[in-house]
>>> print(open('data26.txt').read())   # compact mmCIF, N, CA and C atoms
# COMPACT_ATOMS: atom_id res chain seq x y z
N MET A 1 9.46 3.38 40.67
CA MET A 1 9.98 3.58 39.33
C MET A 1 8.86 3.45 38.30
N ARG A 2 8.93 4.24 37.30
CA ARG A 2 7.93 4.20 36.23
C ARG A 2 8.32 3.14 35.21
N ARG A 3 7.32 2.40 34.77
CA ARG A 3 7.57 1.40 33.75
C ARG A 3 7.91 2.09 32.42
N ASN A 4 8.46 1.33 31.51
CA ASN A 4 8.79 1.89 30.20
C ASN A 4 7.52 2.34 29.51
N GLN A 5 7.61 3.46 28.81
CA GLN A 5 6.44 3.96 28.11
C GLN A 5 6.18 3.11 26.86
N THR A 6 4.95 2.71 26.71
CA THR A 6 4.54 1.92 25.55
C THR A 6 3.99 2.86 24.48
N LYS A 7 3.68 2.28 23.33
CA LYS A 7 3.06 3.07 22.26
C LYS A 7 1.75 3.68 22.73
N ALA A 8 0.98 2.91 23.48
CA ALA A 8 -0.31 3.41 23.98
C ALA A 8 -0.10 4.58 24.93
N ASP A 9 0.89 4.48 25.81
CA ASP A 9 1.17 5.59 26.75
C ASP A 9 1.50 6.87 25.98
N MET A 10 2.35 6.75 24.99
CA MET A 10 2.74 7.92 24.21
C MET A 10 1.56 8.49 23.43
N LEU A 11 0.72 7.60 22.89
CA LEU A 11 -0.45 8.03 22.14
C LEU A 11 -1.43 8.77 23.03
N LEU A 12 -1.67 8.25 24.21
CA LEU A 12 -2.60 8.89 25.14
C LEU A 12 -2.06 10.21 25.66
N LYS A 13 -0.75 10.27 25.87
CA LYS A 13 -0.13 11.54 26.28
C LYS A 13 -0.31 12.58 25.17
N GLU A 14 -0.11 12.15 23.93
CA GLU A 14 -0.30 13.05 22.80
C GLU A 14 -1.75 13.53 22.73
N LEU A 15 -2.68 12.62 22.97
CA LEU A 15 -4.10 12.97 22.93
C LEU A 15 -4.43 14.03 23.97
N ARG A 16 -3.79 13.97 25.12
CA ARG A 16 -4.04 14.95 26.17
C ARG A 16 -3.42 16.31 25.85
N VAL A 17 -2.31 16.31 25.10
CA VAL A 17 -1.60 17.56 24.81
C VAL A 17 -2.16 18.29 23.59
N ILE A 18 -2.76 17.57 22.66
CA ILE A 18 -3.25 18.18 21.42
C ILE A 18 -4.16 19.38 21.66
N PRO A 19 -5.17 19.31 22.54
CA PRO A 19 -6.01 20.50 22.76
C PRO A 19 -5.23 21.71 23.26
N LYS A 20 -4.19 21.46 24.06
CA LYS A 20 -3.37 22.57 24.56
C LYS A 20 -2.58 23.21 23.42
N LEU A 21 -2.04 22.38 22.52
CA LEU A 21 -1.33 22.91 21.35
C LEU A 21 -2.26 23.73 20.47
N ILE A 22 -3.45 23.21 20.25
CA ILE A 22 -4.43 23.93 19.42
C ILE A 22 -4.75 25.28 20.04
N LYS A 23 -4.96 25.29 21.35
CA LYS A 23 -5.29 26.55 22.04
C LYS A 23 -4.16 27.57 21.89
N GLU A 24 -2.91 27.12 22.02
CA GLU A 24 -1.77 28.03 21.89
C GLU A 24 -1.64 28.56 20.45
N LEU A 25 -1.84 27.68 19.47
CA LEU A 25 -1.78 28.13 18.08
C LEU A 25 -2.89 29.13 17.79
N GLU A 26 -4.09 28.87 18.30
CA GLU A 26 -5.20 29.80 18.09
C GLU A 26 -4.90 31.15 18.75
N ARG A 27 -4.31 31.11 19.93
CA ARG A 27 -3.97 32.35 20.65
C ARG A 27 -2.94 33.16 19.85
N ASP A 28 -1.91 32.49 19.35
CA ASP A 28 -0.88 33.17 18.58
C ASP A 28 -1.45 33.69 17.26
N MET A 29 -2.32 32.90 16.63
CA MET A 29 -2.93 33.31 15.37
C MET A 29 -3.79 34.55 15.59
N THR A 30 -4.54 34.58 16.67
CA THR A 30 -5.41 35.72 16.97
C THR A 30 -4.58 36.96 17.27
N SER A 31 -3.49 36.79 18.00
CA SER A 31 -2.67 37.96 18.34
C SER A 31 -1.98 38.53 17.11
N SER A 32 -1.56 37.67 16.19
CA SER A 32 -0.91 38.19 14.99
C SER A 32 -1.91 38.82 14.03
N GLN A 33 -3.15 38.35 14.04
CA GLN A 33 -4.16 38.95 13.17
C GLN A 33 -4.66 40.27 13.71
N SER A 34 -4.58 40.48 15.02
CA SER A 34 -5.02 41.74 15.59
C SER A 34 -4.09 42.87 15.18
N VAL A 35 -2.88 42.53 14.75
CA VAL A 35 -1.92 43.53 14.31
C VAL A 35 -2.34 44.11 12.96
N LEU A 36 -3.16 43.41 12.21
CA LEU A 36 -3.55 43.87 10.88
C LEU A 36 -4.21 45.24 10.91
N SER A 37 -4.98 45.53 11.92
CA SER A 37 -5.69 46.80 11.97
C SER A 37 -4.97 47.84 12.81
N SER A 38 -3.77 47.56 13.23
CA SER A 38 -3.03 48.46 14.10
C SER A 38 -2.56 49.69 13.32
N PRO A 39 -3.07 50.86 13.66
CA PRO A 39 -2.71 52.06 12.91
C PRO A 39 -1.43 52.73 13.39
N GLN A 40 -0.79 52.24 14.46
CA GLN A 40 0.35 52.97 15.01
C GLN A 40 1.64 52.74 14.23
N TRP A 41 1.68 51.79 13.31
CA TRP A 41 2.90 51.55 12.55
C TRP A 41 3.03 52.56 11.43
N SER A 42 4.27 52.97 11.15
CA SER A 42 4.48 53.83 10.00
C SER A 42 4.40 52.95 8.75
N ASP A 43 4.30 53.58 7.60
CA ASP A 43 4.11 52.81 6.36
C ASP A 43 5.35 52.00 6.00
N MET A 44 6.52 52.47 6.36
CA MET A 44 7.75 51.78 5.95
C MET A 44 8.64 51.56 7.16
N LYS A 45 9.06 50.31 7.37
CA LYS A 45 9.99 49.98 8.45
C LYS A 45 11.07 49.07 7.89
N VAL A 46 12.20 49.06 8.56
CA VAL A 46 13.30 48.21 8.14
C VAL A 46 13.34 47.00 9.06
N GLN A 47 13.37 45.83 8.44
CA GLN A 47 13.45 44.60 9.23
C GLN A 47 14.56 43.75 8.62
N GLY A 48 15.61 43.53 9.36
CA GLY A 48 16.72 42.72 8.87
C GLY A 48 17.40 43.33 7.66
N GLY A 49 17.44 44.64 7.58
CA GLY A 49 18.08 45.31 6.46
C GLY A 49 17.19 45.43 5.24
N ILE A 50 15.95 44.94 5.31
CA ILE A 50 15.03 44.99 4.16
C ILE A 50 13.86 45.89 4.54
N LYS A 51 13.58 46.85 3.68
CA LYS A 51 12.44 47.73 3.93
C LYS A 51 11.16 46.96 3.68
N GLN A 52 10.21 47.08 4.63
CA GLN A 52 8.92 46.43 4.49
C GLN A 52 7.81 47.44 4.70
N THR A 53 6.85 47.40 3.83
CA THR A 53 5.69 48.26 4.01
C THR A 53 4.71 47.56 4.93
N GLN A 54 3.71 48.31 5.36
CA GLN A 54 2.66 47.73 6.21
C GLN A 54 1.94 46.61 5.46
N THR A 55 1.78 46.77 4.16
CA THR A 55 1.13 45.74 3.35
C THR A 55 1.93 44.45 3.38
N ASP A 56 3.26 44.54 3.28
CA ASP A 56 4.11 43.34 3.36
C ASP A 56 3.93 42.64 4.70
N LYS A 57 3.86 43.42 5.76
CA LYS A 57 3.69 42.84 7.09
C LYS A 57 2.32 42.18 7.22
N ASN A 58 1.29 42.83 6.66
CA ASN A 58 -0.05 42.25 6.69
C ASN A 58 -0.10 40.93 5.93
N ILE A 59 0.56 40.88 4.78
CA ILE A 59 0.59 39.65 3.99
C ILE A 59 1.31 38.55 4.76
N ASN A 60 2.42 38.89 5.41
CA ASN A 60 3.14 37.90 6.23
C ASN A 60 2.27 37.37 7.36
N ASN A 61 1.48 38.26 7.98
CA ASN A 61 0.58 37.83 9.06
C ASN A 61 -0.52 36.92 8.53
N ILE A 62 -1.03 37.21 7.34
CA ILE A 62 -2.07 36.36 6.74
C ILE A 62 -1.50 34.98 6.43
N ILE A 63 -0.29 34.95 5.88
CA ILE A 63 0.36 33.67 5.58
C ILE A 63 0.58 32.88 6.87
N LYS A 64 1.02 33.58 7.90
CA LYS A 64 1.24 32.94 9.20
C LYS A 64 -0.08 32.39 9.74
N GLY A 65 -1.17 33.14 9.61
CA GLY A 65 -2.49 32.68 10.05
C GLY A 65 -2.95 31.46 9.29
N GLU A 66 -2.69 31.43 7.98
CA GLU A 66 -3.06 30.26 7.17
C GLU A 66 -2.25 29.04 7.60
N TYR A 67 -0.98 29.25 7.91
CA TYR A 67 -0.13 28.15 8.38
C TYR A 67 -0.68 27.60 9.69
N TYR A 68 -1.02 28.50 10.63
CA TYR A 68 -1.57 28.06 11.91
C TYR A 68 -2.88 27.31 11.71
N ALA A 69 -3.73 27.81 10.83
CA ALA A 69 -5.01 27.13 10.57
C ALA A 69 -4.77 25.72 10.02
N GLU A 70 -3.78 25.58 9.17
CA GLU A 70 -3.44 24.26 8.62
C GLU A 70 -2.92 23.34 9.72
N GLN A 71 -2.08 23.86 10.60
CA GLN A 71 -1.55 23.05 11.70
C GLN A 71 -2.66 22.64 12.66
N ILE A 72 -3.58 23.54 12.93
CA ILE A 72 -4.71 23.22 13.80
C ILE A 72 -5.56 22.12 13.17
N GLY A 73 -5.78 22.21 11.87
CA GLY A 73 -6.52 21.16 11.16
C GLY A 73 -5.82 19.82 11.26
N ASP A 74 -4.49 19.82 11.10
CA ASP A 74 -3.71 18.57 11.23
C ASP A 74 -3.84 17.98 12.63
N LEU A 75 -3.77 18.85 13.63
CA LEU A 75 -3.89 18.37 15.01
C LEU A 75 -5.29 17.80 15.28
N ASP A 76 -6.32 18.45 14.74
CA ASP A 76 -7.67 17.93 14.89
C ASP A 76 -7.82 16.55 14.24
N ARG A 77 -7.23 16.39 13.06
CA ARG A 77 -7.29 15.09 12.39
C ARG A 77 -6.52 14.04 13.19
N ARG A 78 -5.38 14.42 13.74
CA ARG A 78 -4.60 13.49 14.54
C ARG A 78 -5.38 13.04 15.77
N LYS A 79 -6.04 13.99 16.42
CA LYS A 79 -6.87 13.68 17.58
C LYS A 79 -7.97 12.70 17.17
N GLY A 80 -8.60 12.93 16.05
CA GLY A 80 -9.63 12.03 15.55
C GLY A 80 -9.09 10.64 15.28
N ASN A 81 -7.88 10.56 14.71
CA ASN A 81 -7.26 9.25 14.44
C ASN A 81 -6.97 8.49 15.72
N ILE A 82 -6.50 9.19 16.74
CA ILE A 82 -6.21 8.54 18.01
C ILE A 82 -7.51 8.04 18.65
N ILE A 83 -8.54 8.86 18.63
CA ILE A 83 -9.83 8.44 19.18
C ILE A 83 -10.37 7.25 18.41
N GLN A 84 -10.17 7.25 17.10
CA GLN A 84 -10.61 6.13 16.28
C GLN A 84 -9.91 4.84 16.70
N MET A 85 -8.63 4.92 17.04
CA MET A 85 -7.90 3.75 17.53
C MET A 85 -8.48 3.28 18.86
N ILE A 86 -8.79 4.21 19.74
CA ILE A 86 -9.38 3.85 21.04
C ILE A 86 -10.73 3.17 20.82
N MET A 87 -11.49 3.66 19.87
CA MET A 87 -12.82 3.10 19.62
C MET A 87 -12.78 1.69 19.05
N GLN A 88 -11.62 1.23 18.67
CA GLN A 88 -11.48 -0.15 18.20
C GLN A 88 -11.36 -1.15 19.34
N LEU A 89 -11.21 -0.65 20.57
CA LEU A 89 -11.18 -1.56 21.71
C LEU A 89 -12.53 -2.26 21.84
N PRO A 90 -12.52 -3.55 22.14
CA PRO A 90 -13.79 -4.29 22.18
C PRO A 90 -14.68 -3.93 23.38
N ASP A 91 -14.10 -3.51 24.49
CA ASP A 91 -14.88 -3.22 25.70
C ASP A 91 -15.28 -1.75 25.73
N ILE A 92 -16.58 -1.51 25.73
CA ILE A 92 -17.09 -0.13 25.70
C ILE A 92 -16.73 0.63 26.97
N THR A 93 -16.64 -0.05 28.11
CA THR A 93 -16.26 0.63 29.35
C THR A 93 -14.82 1.11 29.28
N GLN A 94 -13.94 0.32 28.71
CA GLN A 94 -12.55 0.73 28.56
C GLN A 94 -12.46 1.94 27.63
N ARG A 95 -13.23 1.91 26.55
CA ARG A 95 -13.24 3.07 25.64
C ARG A 95 -13.71 4.32 26.37
N HIS A 96 -14.78 4.16 27.15
CA HIS A 96 -15.36 5.29 27.88
C HIS A 96 -14.34 5.87 28.86
N VAL A 97 -13.64 5.00 29.57
CA VAL A 97 -12.64 5.46 30.55
C VAL A 97 -11.51 6.21 29.85
N LEU A 98 -10.99 5.67 28.76
CA LEU A 98 -9.87 6.34 28.07
C LEU A 98 -10.29 7.67 27.45
N VAL A 99 -11.44 7.70 26.80
CA VAL A 99 -11.87 8.96 26.18
C VAL A 99 -12.15 10.01 27.24
N THR A 100 -12.84 9.62 28.29
CA THR A 100 -13.12 10.59 29.37
C THR A 100 -11.83 11.08 30.01
N THR A 101 -10.92 10.16 30.28
CA THR A 101 -9.68 10.53 30.96
C THR A 101 -8.78 11.41 30.11
N PHE A 102 -8.59 11.05 28.86
CA PHE A 102 -7.57 11.72 28.06
C PHE A 102 -8.11 12.78 27.10
N VAL A 103 -9.42 12.85 26.91
CA VAL A 103 -9.98 13.89 26.04
C VAL A 103 -10.69 14.95 26.87
N ASN A 104 -11.48 14.53 27.85
CA ASN A 104 -12.35 15.46 28.56
C ASN A 104 -11.83 15.93 29.91
N CYS A 105 -10.81 15.27 30.46
CA CYS A 105 -10.34 15.62 31.80
C CYS A 105 -8.83 15.86 31.80
N GLN A 106 -8.39 16.66 32.76
CA GLN A 106 -6.97 16.95 32.88
C GLN A 106 -6.29 16.10 33.95
N THR A 107 -7.07 15.59 34.90
CA THR A 107 -6.48 14.78 35.97
C THR A 107 -7.28 13.49 36.12
N TYR A 108 -6.64 12.51 36.75
CA TYR A 108 -7.32 11.24 37.00
C TYR A 108 -8.46 11.42 37.99
N ASP A 109 -8.27 12.25 38.99
CA ASP A 109 -9.34 12.49 39.97
C ASP A 109 -10.57 13.11 39.31
N GLU A 110 -10.34 14.03 38.39
CA GLU A 110 -11.44 14.64 37.65
C GLU A 110 -12.18 13.58 36.83
N ALA A 111 -11.43 12.68 36.22
CA ALA A 111 -12.05 11.61 35.42
C ALA A 111 -12.85 10.65 36.31
N ILE A 112 -12.30 10.32 37.47
CA ILE A 112 -13.00 9.43 38.40
C ILE A 112 -14.33 10.06 38.82
N ASP A 113 -14.31 11.35 39.12
CA ASP A 113 -15.54 12.04 39.51
C ASP A 113 -16.54 12.07 38.36
N ARG A 114 -16.06 12.37 37.16
CA ARG A 114 -16.96 12.46 36.01
C ARG A 114 -17.56 11.09 35.67
N LEU A 115 -16.76 10.03 35.79
CA LEU A 115 -17.23 8.68 35.48
C LEU A 115 -18.06 8.09 36.62
N GLU A 116 -18.00 8.73 37.79
CA GLU A 116 -18.72 8.25 38.97
C GLU A 116 -18.37 6.79 39.26
N MET A 117 -17.05 6.53 39.35
CA MET A 117 -16.54 5.18 39.58
C MET A 117 -15.76 5.14 40.88
N ASN A 118 -15.68 3.95 41.40
CA ASN A 118 -14.80 3.67 42.53
C ASN A 118 -13.36 3.83 42.03
N ARG A 119 -12.49 4.39 42.85
CA ARG A 119 -11.10 4.64 42.46
C ARG A 119 -10.39 3.36 42.00
N ASN A 120 -10.54 2.28 42.75
CA ASN A 120 -9.87 1.02 42.40
C ASN A 120 -10.41 0.46 41.08
N THR A 121 -11.71 0.53 40.90
CA THR A 121 -12.32 0.05 39.66
C THR A 121 -11.81 0.87 38.48
N TYR A 122 -11.76 2.18 38.67
CA TYR A 122 -11.28 3.07 37.61
C TYR A 122 -9.86 2.69 37.17
N TYR A 123 -8.95 2.56 38.15
CA TYR A 123 -7.55 2.28 37.80
C TYR A 123 -7.40 0.89 37.19
N THR A 124 -8.21 -0.06 37.61
CA THR A 124 -8.16 -1.40 37.01
C THR A 124 -8.60 -1.35 35.55
N ILE A 125 -9.72 -0.68 35.30
CA ILE A 125 -10.23 -0.58 33.93
C ILE A 125 -9.25 0.21 33.05
N LYS A 126 -8.71 1.29 33.60
CA LYS A 126 -7.76 2.11 32.83
C LYS A 126 -6.52 1.31 32.46
N ARG A 127 -5.99 0.55 33.42
CA ARG A 127 -4.79 -0.26 33.16
C ARG A 127 -5.07 -1.31 32.08
N LYS A 128 -6.21 -1.99 32.19
CA LYS A 128 -6.57 -3.00 31.19
C LYS A 128 -6.79 -2.36 29.82
N ALA A 129 -7.41 -1.19 29.81
CA ALA A 129 -7.65 -0.49 28.55
C ALA A 129 -6.34 -0.10 27.88
N ILE A 130 -5.39 0.39 28.65
CA ILE A 130 -4.09 0.78 28.08
C ILE A 130 -3.35 -0.45 27.57
N GLU A 131 -3.43 -1.55 28.32
CA GLU A 131 -2.81 -2.80 27.85
C GLU A 131 -3.44 -3.27 26.54
N ASN A 132 -4.77 -3.23 26.47
CA ASN A 132 -5.47 -3.65 25.25
C ASN A 132 -5.17 -2.71 24.08
N LEU A 133 -5.09 -1.42 24.36
CA LEU A 133 -4.75 -0.46 23.31
C LEU A 133 -3.33 -0.71 22.80
N ASN A 134 -2.42 -1.00 23.71
CA ASN A 134 -1.05 -1.28 23.32
C ASN A 134 -0.99 -2.55 22.47
N ASP A 135 -1.74 -3.59 22.86
CA ASP A 135 -1.81 -4.81 22.05
C ASP A 135 -2.35 -4.50 20.66
N LEU A 136 -3.39 -3.68 20.62
CA LEU A 136 -3.99 -3.30 19.34
C LEU A 136 -2.98 -2.55 18.47
N LEU A 137 -2.24 -1.63 19.07
CA LEU A 137 -1.24 -0.86 18.32
C LEU A 137 -0.10 -1.74 17.83
N ASN A 138 0.30 -2.70 18.63
CA ASN A 138 1.39 -3.59 18.25
C ASN A 138 0.98 -4.59 17.17
N ASN A 139 -0.32 -4.89 17.08
CA ASN A 139 -0.81 -5.87 16.11
C ASN A 139 -1.31 -5.25 14.82
N THR A 140 -1.28 -3.92 14.72
CA THR A 140 -1.73 -3.27 13.49
C THR A 140 -0.52 -2.64 12.78
N THR A 141 -0.71 -2.40 11.52
CA THR A 141 0.37 -1.79 10.73
C THR A 141 0.06 -0.33 10.43
N ILE A 142 -0.81 0.27 11.21
CA ILE A 142 -1.16 1.67 11.02
C ILE A 142 0.01 2.53 11.46
N VAL A 143 0.37 3.50 10.63
CA VAL A 143 1.45 4.43 10.97
C VAL A 143 0.90 5.49 11.88
N LEU A 144 1.55 5.64 13.04
CA LEU A 144 1.09 6.66 14.00
C LEU A 144 1.98 7.81 13.97
>>> encode(input="data26.txt", output="structure tokens")
Amino acid sequence: MRRNQTKADMLLKELRVIPKLIKELERDMTSSQSVLSSPQWSDMKVQGGIKQTQTDKNINNIIKGEYYAEQIGDLDRRKGNIIQMIMQLPDITQRHVLVTTFVNCQTYDEAIDRLEMNRNTYYTIKRKAIENLNDLLNNTTIVL
């Protein structure tokens, strides 16, 4: 059975997912911007009962791109805030394990290889780091 998820567990899970969200937003932003130069559309189309010119559609795509860029910026800042919380841990090895595991690697095995650590040592340090991060999160009044 899995133990209850702590604040640290949720934060680290979020840290691992943020790059994937950014990549998807960038992909969608790029695909919608590629439509701007598409010459195959006629000048006037009906969408939802409202006539829209190609210019209207281009403006909507630009607005959508600006929204995505803003969301990507927010996600980058959030990632930075989470890393900043990790960097407040007193043990540099614990910080190294968490950052490598949740920022640079997708699996624990990949992190173990990158850190060049014994598997048991890795899991011990990771567990202690998560416990310390959870203590840090519970003792601070920072809004996450």
>>> select_by_dssp(input="data26.txt", residues="segment 16-141 of chain A", states="alpha helix (DSSP H)", output="VMD selection string")
chain A and resid 16 to 34 54 to 86 92 to 99 108 to 115 119 to 139
>>> closest_residue(input="data26.txt", among="A:Ala111, A:Leu75, A:Met87, A:Ala8", to="Leu137 of chain A", atoms="only N, CA and C atoms")
A:Ala8
>>> closest_residue(input="data26.txt", among="A:Met29, A:Ile72, A:Leu21, A:Leu89", to="Asn60 of chain A", atoms="only C-alpha atoms")
A:Met29
>>> residues_around(input="data26.txt", residues="His96 of chain A", least_positions_apart="4", cutoff="9 Å", atoms="only C-alpha atoms", output="MDAnalysis selection string")
chainID A and resid 87 91:92 100:101 115
>>> write_last_selection(input="data26.txt", atoms="N, CA and C atoms", output="short mmCIF file (atom, residue, chain, number, x, y, z; two decimals), keeping the file's coordinate frame")
data_model
loop_
_atom_site.label_atom_id
_atom_site.label_comp_id
_atom_site.auth_asym_id
_atom_site.auth_seq_id
_atom_site.Cartn_x
_atom_site.Cartn_y
_atom_site.Cartn_z
N MET A 87 -11.49 3.66 19.87
CA MET A 87 -12.82 3.10 19.62
C MET A 87 -12.78 1.69 19.05
N ASP A 91 -14.10 -3.51 24.49
CA ASP A 91 -14.88 -3.22 25.70
C ASP A 91 -15.28 -1.75 25.73
N ILE A 92 -16.58 -1.51 25.73
CA ILE A 92 -17.09 -0.13 25.70
C ILE A 92 -16.73 0.63 26.97
N THR A 100 -12.84 9.62 28.29
CA THR A 100 -13.12 10.59 29.37
C THR A 100 -11.83 11.08 30.01
N THR A 101 -10.92 10.16 30.28
CA THR A 101 -9.68 10.53 30.96
C THR A 101 -8.78 11.41 30.11
N LEU A 115 -16.76 10.03 35.79
CA LEU A 115 -17.23 8.68 35.48
C LEU A 115 -18.06 8.09 36.62
#
>>> closest_residue(input="data26.txt", among="A:Leu11, A:Ile83, A:Leu25, A:Val17", to="Gln71 of chain A", atoms="only N, CA and C atoms")
A:Leu25
>>> axis_aligned_box(input="data26.txt", around="segment 60-67 of chain A", padding_each_side="4 Å", output="lines of an AutoDock Vina configuration file")
center_x = 0.0
center_y = 33.2
center_z = 7.7
size_x = 14.2
size_y = 19.3
size_z = 12.6
>>> residues_near_point(input="data26.txt", point="(2.1, 14.4, 18.1)", cutoff="8 Å", atoms="all atoms listed in the file", output="ChimeraX atom specification")
/A:10-11,13-15,17-18,75,78,144
>>> write_last_selection(input="data26.txt", atoms="N, CA and C atoms", output="mmCIF file, in the coordinates of the input")
data_model
loop_
_atom_site.group_PDB
_atom_site.id
_atom_site.type_symbol
_atom_site.label_atom_id
_atom_site.label_comp_id
_atom_site.auth_asym_id
_atom_site.auth_seq_id
_atom_site.Cartn_x
_atom_site.Cartn_y
_atom_site.Cartn_z
ATOM 1 N N MET A 10 2.350 6.750 24.990
ATOM 2 C CA MET A 10 2.740 7.920 24.210
ATOM 3 C C MET A 10 1.560 8.490 23.430
ATOM 4 N N LEU A 11 0.720 7.600 22.890
ATOM 5 C CA LEU A 11 -0.450 8.030 22.140
ATOM 6 C C LEU A 11 -1.430 8.770 23.030
ATOM 7 N N LYS A 13 -0.750 10.270 25.870
ATOM 8 C CA LYS A 13 -0.130 11.540 26.280
ATOM 9 C C LYS A 13 -0.310 12.580 25.170
ATOM 10 N N GLU A 14 -0.110 12.150 23.930
ATOM 11 C CA GLU A 14 -0.300 13.050 22.800
ATOM 12 C C GLU A 14 -1.750 13.530 22.730
ATOM 13 N N LEU A 15 -2.680 12.620 22.970
ATOM 14 C CA LEU A 15 -4.100 12.970 22.930
ATOM 15 C C LEU A 15 -4.430 14.030 23.970
ATOM 16 N N VAL A 17 -2.310 16.310 25.100
ATOM 17 C CA VAL A 17 -1.600 17.560 24.810
ATOM 18 C C VAL A 17 -2.160 18.290 23.590
ATOM 19 N N ILE A 18 -2.760 17.570 22.660
ATOM 20 C CA ILE A 18 -3.250 18.180 21.420
ATOM 21 C C ILE A 18 -4.160 19.380 21.660
ATOM 22 N N LEU A 75 -3.770 18.850 13.630
ATOM 23 C CA LEU A 75 -3.890 18.370 15.010
ATOM 24 C C LEU A 75 -5.290 17.800 15.280
ATOM 25 N N ARG A 78 -5.380 14.420 13.740
ATOM 26 C CA ARG A 78 -4.600 13.490 14.540
ATOM 27 C C ARG A 78 -5.380 13.040 15.770
ATOM 28 N N LEU A 144 1.550 5.640 13.040
ATOM 29 C CA LEU A 144 1.090 6.660 14.000
ATOM 30 C C LEU A 144 1.980 7.810 13.970
#
